[in-house]
>>> print(open('coords.txt').read())   # compact mmCIF, C-alpha atoms
# COMPACT_ATOMS: atom_id res chain seq x y z
CA MET S 19 41.99 43.61 -22.55
CA LYS S 20 45.25 41.72 -22.18
CA LYS S 21 46.65 44.44 -19.92
CA SER S 22 43.48 44.35 -17.80
CA LEU S 23 43.77 40.59 -17.41
CA GLN S 24 47.44 40.89 -16.42
CA PHE S 25 46.52 43.58 -13.90
CA LEU S 26 43.86 41.32 -12.35
CA VAL S 27 46.27 38.41 -12.08
CA VAL S 28 48.99 40.57 -10.51
CA PHE S 29 46.49 42.27 -8.19
CA PHE S 30 44.97 39.04 -6.88
CA LEU S 31 48.36 37.35 -6.82
CA ALA S 32 49.60 40.09 -4.51
CA ILE S 33 46.65 39.51 -2.18
CA PHE S 34 47.17 35.76 -2.27
CA LEU S 35 50.89 35.93 -1.50
CA SER S 36 50.37 38.49 1.26
CA ILE S 37 47.93 36.11 2.96
CA ILE S 38 49.94 32.91 2.66
CA GLY S 39 53.20 34.66 3.45
CA SER S 40 51.95 35.89 6.79
CA ASN S 41 52.73 33.92 9.96
CA ASN S 42 49.92 35.62 11.78
CA VAL S 43 47.21 32.97 11.98
CA SER S 44 44.73 35.31 13.65
CA ALA S 45 45.00 37.58 10.62
CA LEU S 46 44.19 34.61 8.43
CA GLU S 47 41.21 33.71 10.58
CA SER S 48 39.90 37.24 10.32
CA GLN S 49 40.21 37.07 6.54
CA ARG S 50 38.49 33.69 6.34
CA ASN S 51 39.08 33.26 2.63
CA PRO S 52 37.91 36.81 1.80
CA ILE S 53 37.36 36.25 -1.91
CA ALA S 54 35.18 33.15 -1.66
CA VAL S 55 31.86 33.52 0.09
CA CYS S 56 29.31 30.91 1.06
CA ASN S 57 26.90 29.74 -1.62
CA ASN S 58 24.78 26.79 -0.53
CA ASP S 59 23.57 26.12 -4.06
CA VAL S 60 26.93 24.78 -5.18
CA ILE S 61 28.08 22.66 -2.28
CA PHE S 62 27.32 19.01 -1.68
CA ARG S 63 26.58 17.53 1.71
CA LYS S 64 27.82 13.98 2.20
CA PRO S 65 29.49 12.24 5.13
CA TYR S 66 33.25 12.65 4.89
CA GLU S 67 35.28 9.50 4.39
CA ARG S 68 38.40 10.64 2.56
CA LEU S 69 40.98 13.37 3.17
CA VAL S 70 42.27 14.80 -0.10
CA VAL S 71 45.53 16.69 0.42
CA VAL S 72 46.62 19.32 -2.11
CA ASP S 73 50.25 20.50 -1.90
CA LEU S 74 49.95 24.24 -2.44
CA THR S 75 53.67 24.86 -2.07
CA GLN S 76 54.15 24.10 -5.77
CA TYR S 77 51.91 27.03 -6.64
CA ILE S 78 54.16 29.59 -4.99
CA THR S 79 57.54 28.25 -6.14
CA ASN S 80 59.83 30.89 -7.63
CA GLN S 81 57.57 33.69 -6.38
CA ALA S 82 54.80 32.37 -8.62
CA THR S 83 56.33 33.78 -11.76
CA SER S 84 55.83 30.86 -14.13
CA GLU S 85 52.96 31.05 -16.57
CA ALA S 86 51.39 27.82 -15.27
CA ILE S 87 51.38 29.04 -11.68
CA GLN S 88 49.93 32.39 -12.65
CA LYS S 89 47.21 30.61 -14.58
CA GLN S 90 46.41 28.44 -11.57
CA LEU S 91 46.29 31.47 -9.28
CA PHE S 92 44.07 33.24 -11.78
CA TYR S 93 41.61 30.37 -11.50
CA GLU S 94 41.87 30.28 -7.71
CA LEU S 95 41.44 34.03 -7.21
CA VAL S 96 39.62 35.48 -10.21
CA TYR S 97 37.48 32.51 -11.18
CA ILE S 98 36.51 31.89 -7.56
CA LYS S 99 35.41 35.51 -7.33
CA GLU S 100 32.94 34.87 -10.15
CA ARG S 101 31.72 31.48 -8.92
CA LYS S 102 31.75 32.51 -5.25
CA VAL S 103 32.98 29.08 -4.18
CA SER S 104 36.33 27.56 -3.25
CA PRO S 105 37.47 23.97 -3.90
CA PHE S 106 39.00 23.75 -0.41
CA ASN S 107 37.34 22.94 2.89
CA ALA S 108 40.34 24.28 4.76
CA ILE S 109 43.91 25.49 4.26
CA MET S 110 46.89 24.72 6.51
CA THR S 111 49.64 27.28 6.81
CA SER S 112 52.30 27.69 9.51
CA GLY S 113 50.97 24.44 11.01
CA ASP S 114 47.48 25.83 11.66
CA ILE S 115 44.21 24.95 9.91
CA VAL S 116 42.03 27.77 8.65
CA PHE S 117 38.53 26.70 7.70
CA HIS S 118 36.56 28.08 4.80
CA LEU S 119 34.00 30.70 5.76
CA CYS S 120 31.01 28.50 4.92
CA ASP S 121 32.51 25.19 5.97
CA GLN S 122 30.39 23.27 8.42
CA GLN S 123 30.37 19.72 9.62
CA ASP S 124 30.18 17.35 6.65
CA VAL S 125 29.94 19.93 3.91
CA SER S 126 31.91 17.99 1.35
CA SER S 127 34.34 19.67 -0.99
CA ARG S 128 33.12 21.76 -3.88
CA ILE S 129 34.36 19.00 -6.14
CA GLU S 130 31.73 16.50 -7.23
CA ASN S 131 32.43 12.79 -7.07
CA LYS S 132 30.35 9.71 -7.75
CA LEU S 133 30.70 8.31 -4.25
CA ASP S 134 28.06 8.26 -1.54
CA THR S 135 30.67 9.76 0.74
CA GLY S 136 32.35 13.13 0.41
CA ASP S 137 35.91 14.44 0.49
CA PHE S 138 37.47 16.88 2.91
CA VAL S 139 39.90 18.84 0.71
CA LEU S 140 42.83 20.34 2.60
CA GLY S 141 45.35 22.64 0.94
CA ILE S 142 48.74 22.64 2.67
CA PHE S 143 51.41 25.36 2.40
CA GLY S 144 54.83 24.12 3.48
CA THR S 145 54.98 21.43 6.15
CA SER S 146 52.00 19.85 7.86
CA SER S 147 51.40 19.37 11.59
CA ASP S 148 49.69 16.96 13.98
CA LYS S 149 46.58 19.13 13.90
CA VAL S 150 45.62 17.20 10.78
CA ASN S 151 45.25 14.10 12.99
CA GLU S 152 42.66 15.95 15.08
CA LEU S 153 40.78 16.68 11.88
CA LEU S 154 41.03 13.03 10.78
CA ALA S 155 39.55 11.87 14.09
CA GLN S 156 36.86 14.56 14.25
CA TYR S 157 35.47 13.83 10.81
CA ASN S 158 36.06 10.05 10.84
CA LEU S 159 38.36 10.19 7.81
CA GLN S 160 39.57 6.69 7.05
CA LYS S 161 41.26 7.30 3.70
CA ILE S 162 44.06 9.72 2.76
CA VAL S 163 45.06 10.59 -0.79
CA GLN S 164 46.89 13.41 -2.53
CA ALA S 165 45.71 15.19 -5.67
CA ASP S 166 46.02 18.32 -7.75
CA ILE S 167 43.00 20.50 -8.49
CA ILE S 168 42.25 21.83 -11.95
CA VAL S 169 39.29 23.48 -13.66
CA VAL S 170 37.68 21.56 -16.53
CA GLU S 171 34.65 22.94 -18.37
CA GLY S 172 34.02 25.42 -15.59
CA LYS S 173 34.08 22.85 -12.78
CA TYR S 174 36.71 21.89 -10.24
CA THR S 175 38.04 18.37 -10.57
CA TYR S 176 40.95 16.24 -9.37
CA SER S 177 44.04 15.60 -11.41
CA GLU S 178 46.18 12.55 -10.66
CA VAL S 179 44.73 11.18 -7.43
CA ARG S 180 47.56 9.23 -5.79
CA PRO S 181 48.74 7.90 -2.41
CA CYS S 182 49.96 10.65 -0.11
CA ASP S 183 53.50 9.82 0.98
CA VAL S 184 55.97 12.38 2.34
CA LEU S 185 53.45 15.16 3.02
CA CYS S 186 51.21 12.76 4.96
CA SER S 187 53.85 10.62 6.69
CA SER S 188 52.66 11.62 10.18
CA PHE S 189 48.94 11.36 9.47
CA ILE S 190 46.87 8.71 11.25
CA GLN S 191 43.57 7.65 9.73
CA SER S 192 40.51 7.50 11.97
CA LYS S 193 39.75 4.06 13.39
CA ASP S 194 36.03 4.81 13.37
CA SER S 195 33.95 5.42 10.26
CA TRP S 196 31.16 7.97 9.99
CA GLN S 197 28.75 5.04 10.37
CA SER S 198 29.81 4.61 14.00
CA ARG S 199 28.54 8.05 15.02
CA GLU S 200 26.15 8.35 17.93
CA TYR S 201 22.93 10.19 17.09
CA LYS S 202 20.29 11.45 19.51
CA ILE S 203 16.77 12.46 18.46
CA ALA S 204 14.21 14.12 20.72
CA ILE S 205 10.51 13.72 19.89
CA SER S 206 8.80 16.97 20.81
CA LYS S 207 5.28 16.03 19.68
CA VAL S 208 3.23 13.25 18.06
CA SER S 209 -0.01 14.64 16.64
CA HIS S 210 -3.06 12.69 15.38
CA ASN S 211 -6.81 12.40 15.91
CA ASP S 212 -8.03 10.28 18.79
CA SER S 213 -10.56 8.51 16.58
CA VAL S 214 -11.34 7.67 12.94
CA LYS S 215 -14.30 6.18 11.11
CA GLN S 216 -14.13 2.63 9.79
CA ARG S 217 -13.27 3.65 6.23
CA GLU S 218 -10.78 6.36 7.25
CA ASN S 219 -7.00 6.24 7.59
CA LEU S 220 -5.21 7.93 10.47
CA LYS S 221 -2.95 10.91 9.64
CA VAL S 222 0.04 11.26 11.95
CA SER S 223 2.61 14.06 12.35
CA VAL S 224 5.84 13.50 14.28
CA PHE S 225 7.96 16.50 15.30
CA ILE S 226 11.62 15.76 16.08
CA GLU S 227 14.82 17.64 16.94
CA ASN S 228 18.33 16.52 16.04
CA GLN S 229 20.17 16.76 19.37
CA SER S 230 23.42 15.27 18.06
CA GLN S 231 26.42 17.16 16.70
CA TYR S 232 26.13 15.48 13.30
CA TYR S 233 24.11 16.07 10.18
CA ILE S 234 21.45 13.49 9.34
CA TYR S 235 21.80 12.81 5.64
CA SER S 236 19.00 12.38 3.16
CA PHE S 237 20.32 9.41 1.21
CA LEU S 238 18.52 6.23 2.22
CA GLN S 239 21.44 4.34 3.77
CA ALA S 240 22.11 7.04 6.35
CA SER S 241 18.75 8.76 6.66
CA LEU S 242 16.40 8.79 9.64
CA HIS S 243 13.90 5.91 9.51
CA ILE S 244 10.47 5.78 11.13
CA SER S 245 9.31 2.17 11.28
CA PRO S 246 6.50 0.17 12.89
CA LYS S 247 7.47 -2.35 15.54
CA VAL S 248 4.95 -4.70 13.94
CA SER S 249 4.38 -4.61 10.19
CA SER S 250 0.69 -3.81 10.33
CA TRP S 251 -1.39 -0.77 9.41
CA TYR S 252 0.57 -0.75 6.16
CA MET S 253 -0.15 1.93 3.54
CA SER S 254 0.93 1.88 -0.10
CA SER S 255 2.46 5.33 0.48
CA TRP S 256 5.06 3.77 2.81
CA ILE S 257 8.50 2.96 1.46
CA SER S 258 8.02 -0.69 2.45
CA PRO S 259 5.96 -2.66 5.00
CA SER S 260 8.78 -2.20 7.51
CA LEU S 261 9.72 1.41 6.66
CA ILE S 262 7.20 4.26 6.71
CA VAL S 263 9.17 7.40 5.92
CA THR S 264 12.68 8.93 5.85
CA ASN S 265 13.98 12.50 5.73
CA VAL S 266 14.16 13.92 2.20
CA LYS S 267 16.43 16.82 3.23
CA ASP S 268 19.50 16.88 5.45
CA ILE S 269 18.75 17.66 9.10
CA VAL S 270 21.32 19.99 10.65
CA PRO S 271 22.50 19.69 14.26
CA THR S 272 19.78 21.20 16.53
CA GLY S 273 17.53 21.21 13.45
CA LYS S 274 13.81 20.51 13.81
CA THR S 275 11.79 18.52 11.28
CA GLN S 276 8.22 17.32 10.85
CA PHE S 277 7.33 13.91 9.41
CA ASP S 278 3.80 13.30 8.07
CA PHE S 279 2.40 9.87 7.19
CA GLU S 280 -0.80 7.81 7.23
CA LEU S 281 -1.72 4.57 8.95
CA ASN S 282 -4.16 2.02 7.62
CA THR S 283 -5.94 1.46 10.93
CA PRO S 284 -8.19 -1.60 11.39
CA ILE S 285 -11.68 -1.55 9.94
CA VAL S 286 -13.26 -3.41 12.87
CA PRO S 287 -14.54 -0.94 15.53
CA GLY S 288 -12.47 -0.77 18.70
CA LYS S 289 -9.46 0.81 20.39
CA TYR S 290 -6.03 0.03 18.94
CA SER S 291 -2.41 0.90 19.65
CA GLN S 292 0.79 0.52 17.66
CA GLU S 293 4.41 1.38 18.55
CA PHE S 294 7.01 2.98 16.27
CA ASP S 295 10.80 3.32 16.35
CA ILE S 296 13.18 5.96 14.98
CA THR S 297 16.53 4.61 13.79
CA ILE S 298 19.63 5.82 11.94
CA LEU S 299 22.04 3.31 10.40
CA GLY S 300 20.08 0.52 12.07
CA LYS S 301 20.51 1.95 15.58
CA LYS S 302 17.64 3.22 17.71
CA VAL S 303 18.11 6.97 18.32
CA ALA S 304 14.91 8.00 20.12
CA GLU S 305 12.32 6.68 22.53
CA THR S 306 9.71 4.36 21.05
CA PHE S 307 6.49 6.31 20.54
CA PRO S 308 2.94 4.87 20.57
CA VAL S 309 -0.06 5.78 18.46
CA THR S 310 -3.44 4.96 20.00
CA VAL S 311 -6.70 5.40 18.13
CA THR S 312 -10.35 4.42 18.42
CA VAL S 313 -12.12 3.16 15.28
CA GLN S 314 -15.75 4.33 15.41
CA SER S 315 -18.53 2.13 14.04
CA GLU S 316 -20.37 3.13 10.86
CA SER S 317 -22.60 0.04 11.10
CA LEU S 318 -20.85 -1.61 8.17
CA GLN S 319 -21.42 -5.30 7.50
CA LEU S 320 -18.00 -6.94 7.83
CA ALA S 321 -16.66 -10.35 6.91
CA THR S 322 -13.31 -12.14 7.03
CA ILE S 323 -11.54 -13.87 4.14
CA ARG S 324 -11.37 -17.63 4.77
CA PRO S 325 -10.45 -19.22 1.41
CA ARG S 326 -11.85 -22.64 0.65
CA ASP S 327 -9.50 -25.58 0.02
CA ASN S 328 -7.05 -24.03 2.53
CA LEU S 329 -5.62 -21.65 -0.05
CA PRO S 330 -3.64 -18.62 1.28
CA PHE S 331 -5.79 -16.18 -0.71
CA ALA S 332 -9.18 -15.68 -2.34
CA ARG S 333 -9.82 -14.16 -5.77
CA VAL S 334 -11.97 -11.09 -6.35
CA ARG S 335 -13.61 -11.15 -9.79
CA GLU S 336 -15.16 -8.74 -12.23
CA SER S 337 -18.55 -10.48 -12.31
CA GLN S 338 -20.51 -13.29 -10.67
CA THR S 339 -18.78 -16.24 -12.32
CA THR S 340 -15.48 -18.05 -11.86
CA ALA S 341 -14.84 -17.56 -15.57
CA SER S 342 -14.75 -13.75 -15.24
CA ASN S 343 -11.56 -11.71 -14.98
CA GLU S 344 -9.66 -11.71 -11.72
CA LEU S 345 -9.37 -8.16 -10.35
CA PHE S 346 -7.12 -8.84 -7.35
CA LYS S 347 -6.46 -11.30 -4.54
CA LEU S 348 -7.12 -10.94 -0.82
CA ASP S 349 -5.10 -12.76 1.82
CA SER S 350 -6.66 -15.09 4.34
CA GLY S 351 -7.73 -13.21 7.48
CA GLU S 352 -8.28 -9.86 5.76
CA VAL S 353 -11.47 -8.05 6.83
CA ILE S 354 -13.75 -6.76 4.07
CA ILE S 355 -17.00 -4.81 3.74
CA ILE S 356 -20.09 -6.52 2.32
CA GLU S 357 -21.73 -4.06 -0.07
CA LYS S 358 -24.27 -6.39 -1.67
CA ASP S 359 -25.39 -9.99 -1.02
CA GLU S 360 -26.46 -11.92 -4.14
CA GLY S 361 -26.58 -15.38 -2.59
CA ALA S 362 -23.67 -17.42 -3.94
CA TRP S 363 -21.80 -14.21 -4.80
CA LEU S 364 -21.07 -11.15 -2.66
CA TYR S 365 -20.11 -7.69 -3.88
CA ILE S 366 -17.34 -6.61 -1.52
CA SER S 367 -15.05 -3.64 -0.94
CA THR S 368 -11.82 -3.13 0.92
CA LYS S 369 -10.82 -0.23 3.10
CA ASP S 370 -8.65 1.14 0.30
CA ALA S 371 -11.75 1.26 -1.97
CA ARG S 372 -11.05 -1.78 -4.16
CA LYS S 373 -14.27 -3.53 -5.16
CA GLY S 374 -15.42 -6.71 -6.86
CA TRP S 375 -17.31 -9.99 -6.60
CA MET S 376 -16.28 -12.84 -4.34
CA TYR S 377 -17.57 -16.42 -4.15
CA ARG S 378 -19.42 -16.90 -0.86
CA PRO S 379 -17.53 -20.03 0.37
CA ASN S 380 -14.39 -17.86 0.66
CA ILE S 381 -15.99 -15.62 3.29
CA ARG S 382 -16.81 -15.98 6.97
CA PHE S 383 -19.24 -13.42 8.39
CA ASN S 384 -18.15 -11.63 11.57
>>> encode(input="coords.txt", output="structure tokens")
Amino acid sequence: MKKSLQFLVVFFLAIFLSIIGSNNVSALESQRNPIAVCNNDVIFRKPYERLVVVDLTQYITNQATSEAIQKQLFYELVYIKERKVSPFNAIMTSGDIVFHLCDQQDVSSRIENKLDTGDFVLGIFGTSSDKVNELLAQYNLQKIVQADIIVVEGKYTYSEVRPCDVLCSSFIQSKDSWQSREYKIAISKVSHNDSVKQRENLKVSVFIENQSQYYIYSFLQASLHISPKVSSWYMSSWISPSLIVTNVKDIVPTGKTQFDFELNTPIVPGKYSQEFDITILGKKVAETFPVTVTVQSESLQLATIRPRDNLPFARVRESQTTASNELFKLDSGEVIIIEKDEGAWLYISTKDARKGWMYRPNIRFN
């Protein structure tokens, strides 16, 4: 077993040294990290903010004969083969950057962190070059640190994160953060019925395409927001009165996504229209789209809440007495359905099917 393990280390070490020792960048590009293949289940997509530089020269000192270096290479070459994932986003050798096979825009390193932003992990053999500055600008990297990578309990992690001095002396951080990116969304279709009944809500589907070069993330701060221009037609299924829905999965560049939501359209018969905006990071990224619908009459008897004593709300109770339990409150101006008229007390319902008794002086008939 020991001889087999030594053979594996020597075998993979030979492959590793043959790759990094070559000055032929095109050969490297054709290899594209041949041992590690793409596995989307074990990568984490976050917007890059930090460049983490790993000095790989130390791992090939003295022809990689020390026990510690062999152990590290065993992890890098044998353990990667089992996990099918590399800790690096890219490797620089001979002044050129070779990207990982499955690296895409904003695929953060295979090293988990607790930040909302991700790390671009760059392994450097020998000296660096100005091409790193192109990378810093492209990915909006505003922080630069240096670290070593180790394996703890089967997971990659950083060891001794520190300022990057000599190796990074020519690096220039990006002046712009990932939050300054310009997104563009195209709305291909807005689908809904032209009419609803008085008690019905309107179901809407919005089909969009990400026409920007960036990923749209699924965490709330940076996700795509669909919001009403006016906070009306609110549904309890919305995130808030001013935010209807966001994307729950990342949207890739050129990716297409469908958003489904409901609108609490007015209960009074008539034709209505509402406008909606799509924003990312507080910036409008698509044309405002309207939703127009006709509410058809069901011959319901309607009334409007007008609380007595100029109160902002009226109480809905369990039975026909002010001593009975309060079920809920209705704001002044809200339109309700009269289900039963018992003189001083009215049995009412709301569009969302809440029911109860209300004292007549709090109601004005339409």
>>> closest_residue(input="coords.txt", among="S:Ile355, S:Ile203, S:Leu153, S:Val270", to="Ala371 of chain S", atoms="all atoms listed in the file")
S:Ile355
>>> closest_residue(input="coords.txt", among="S:Gln164, S:Ser147, S:Gln239, S:Asn219", to="Asp183 of chain S", atoms="all atoms listed in the file")
S:Gln164
>>> residues_around(input="coords.txt", residues="Ser250 of chain S", least_positions_apart="3", cutoff="12 Å", atoms="all atoms listed in the file", output="ChimeraX atom specification")
/S:245-247,253-254,256,258-262,281-284,290-294,352
>>> atom_distance(input="coords.txt", atom1="atom CA of Arg68 of chain S", atom2="atom CA of Ile269 of chain S")
21.9 Å
>>> closest_residue(input="coords.txt", among="S:Gly144, S:Glu344, S:Glu67, S:Phe138", to="Met110 of chain S", atoms="all atoms listed in the file")
S:Gly144
>>> closest_residue(input="coords.txt", among="S:Ile168, S:Val334, S:Val303, S:Ile205", to="Ser230 of chain S", atoms="all atoms listed in the file")
S:Val303
>>> closest_residue(input="coords.txt", among="S:Gln197, S:Thr175, S:Ser206, S:Gln319", to="Asn228 of chain S", atoms="only C-alpha atoms")
S:Ser206
>>> closest_residue(input="coords.txt", among="S:Phe237, S:Tyr157, S:Trp375, S:Phe225", to="Phe307 of chain S", atoms="only C-alpha atoms")
S:Phe225
>>> atom_distance(input="coords.txt", atom1="atom CA of Asp114 of chain S", atom2="atom CA of Pro271 of chain S")
25.9 Å
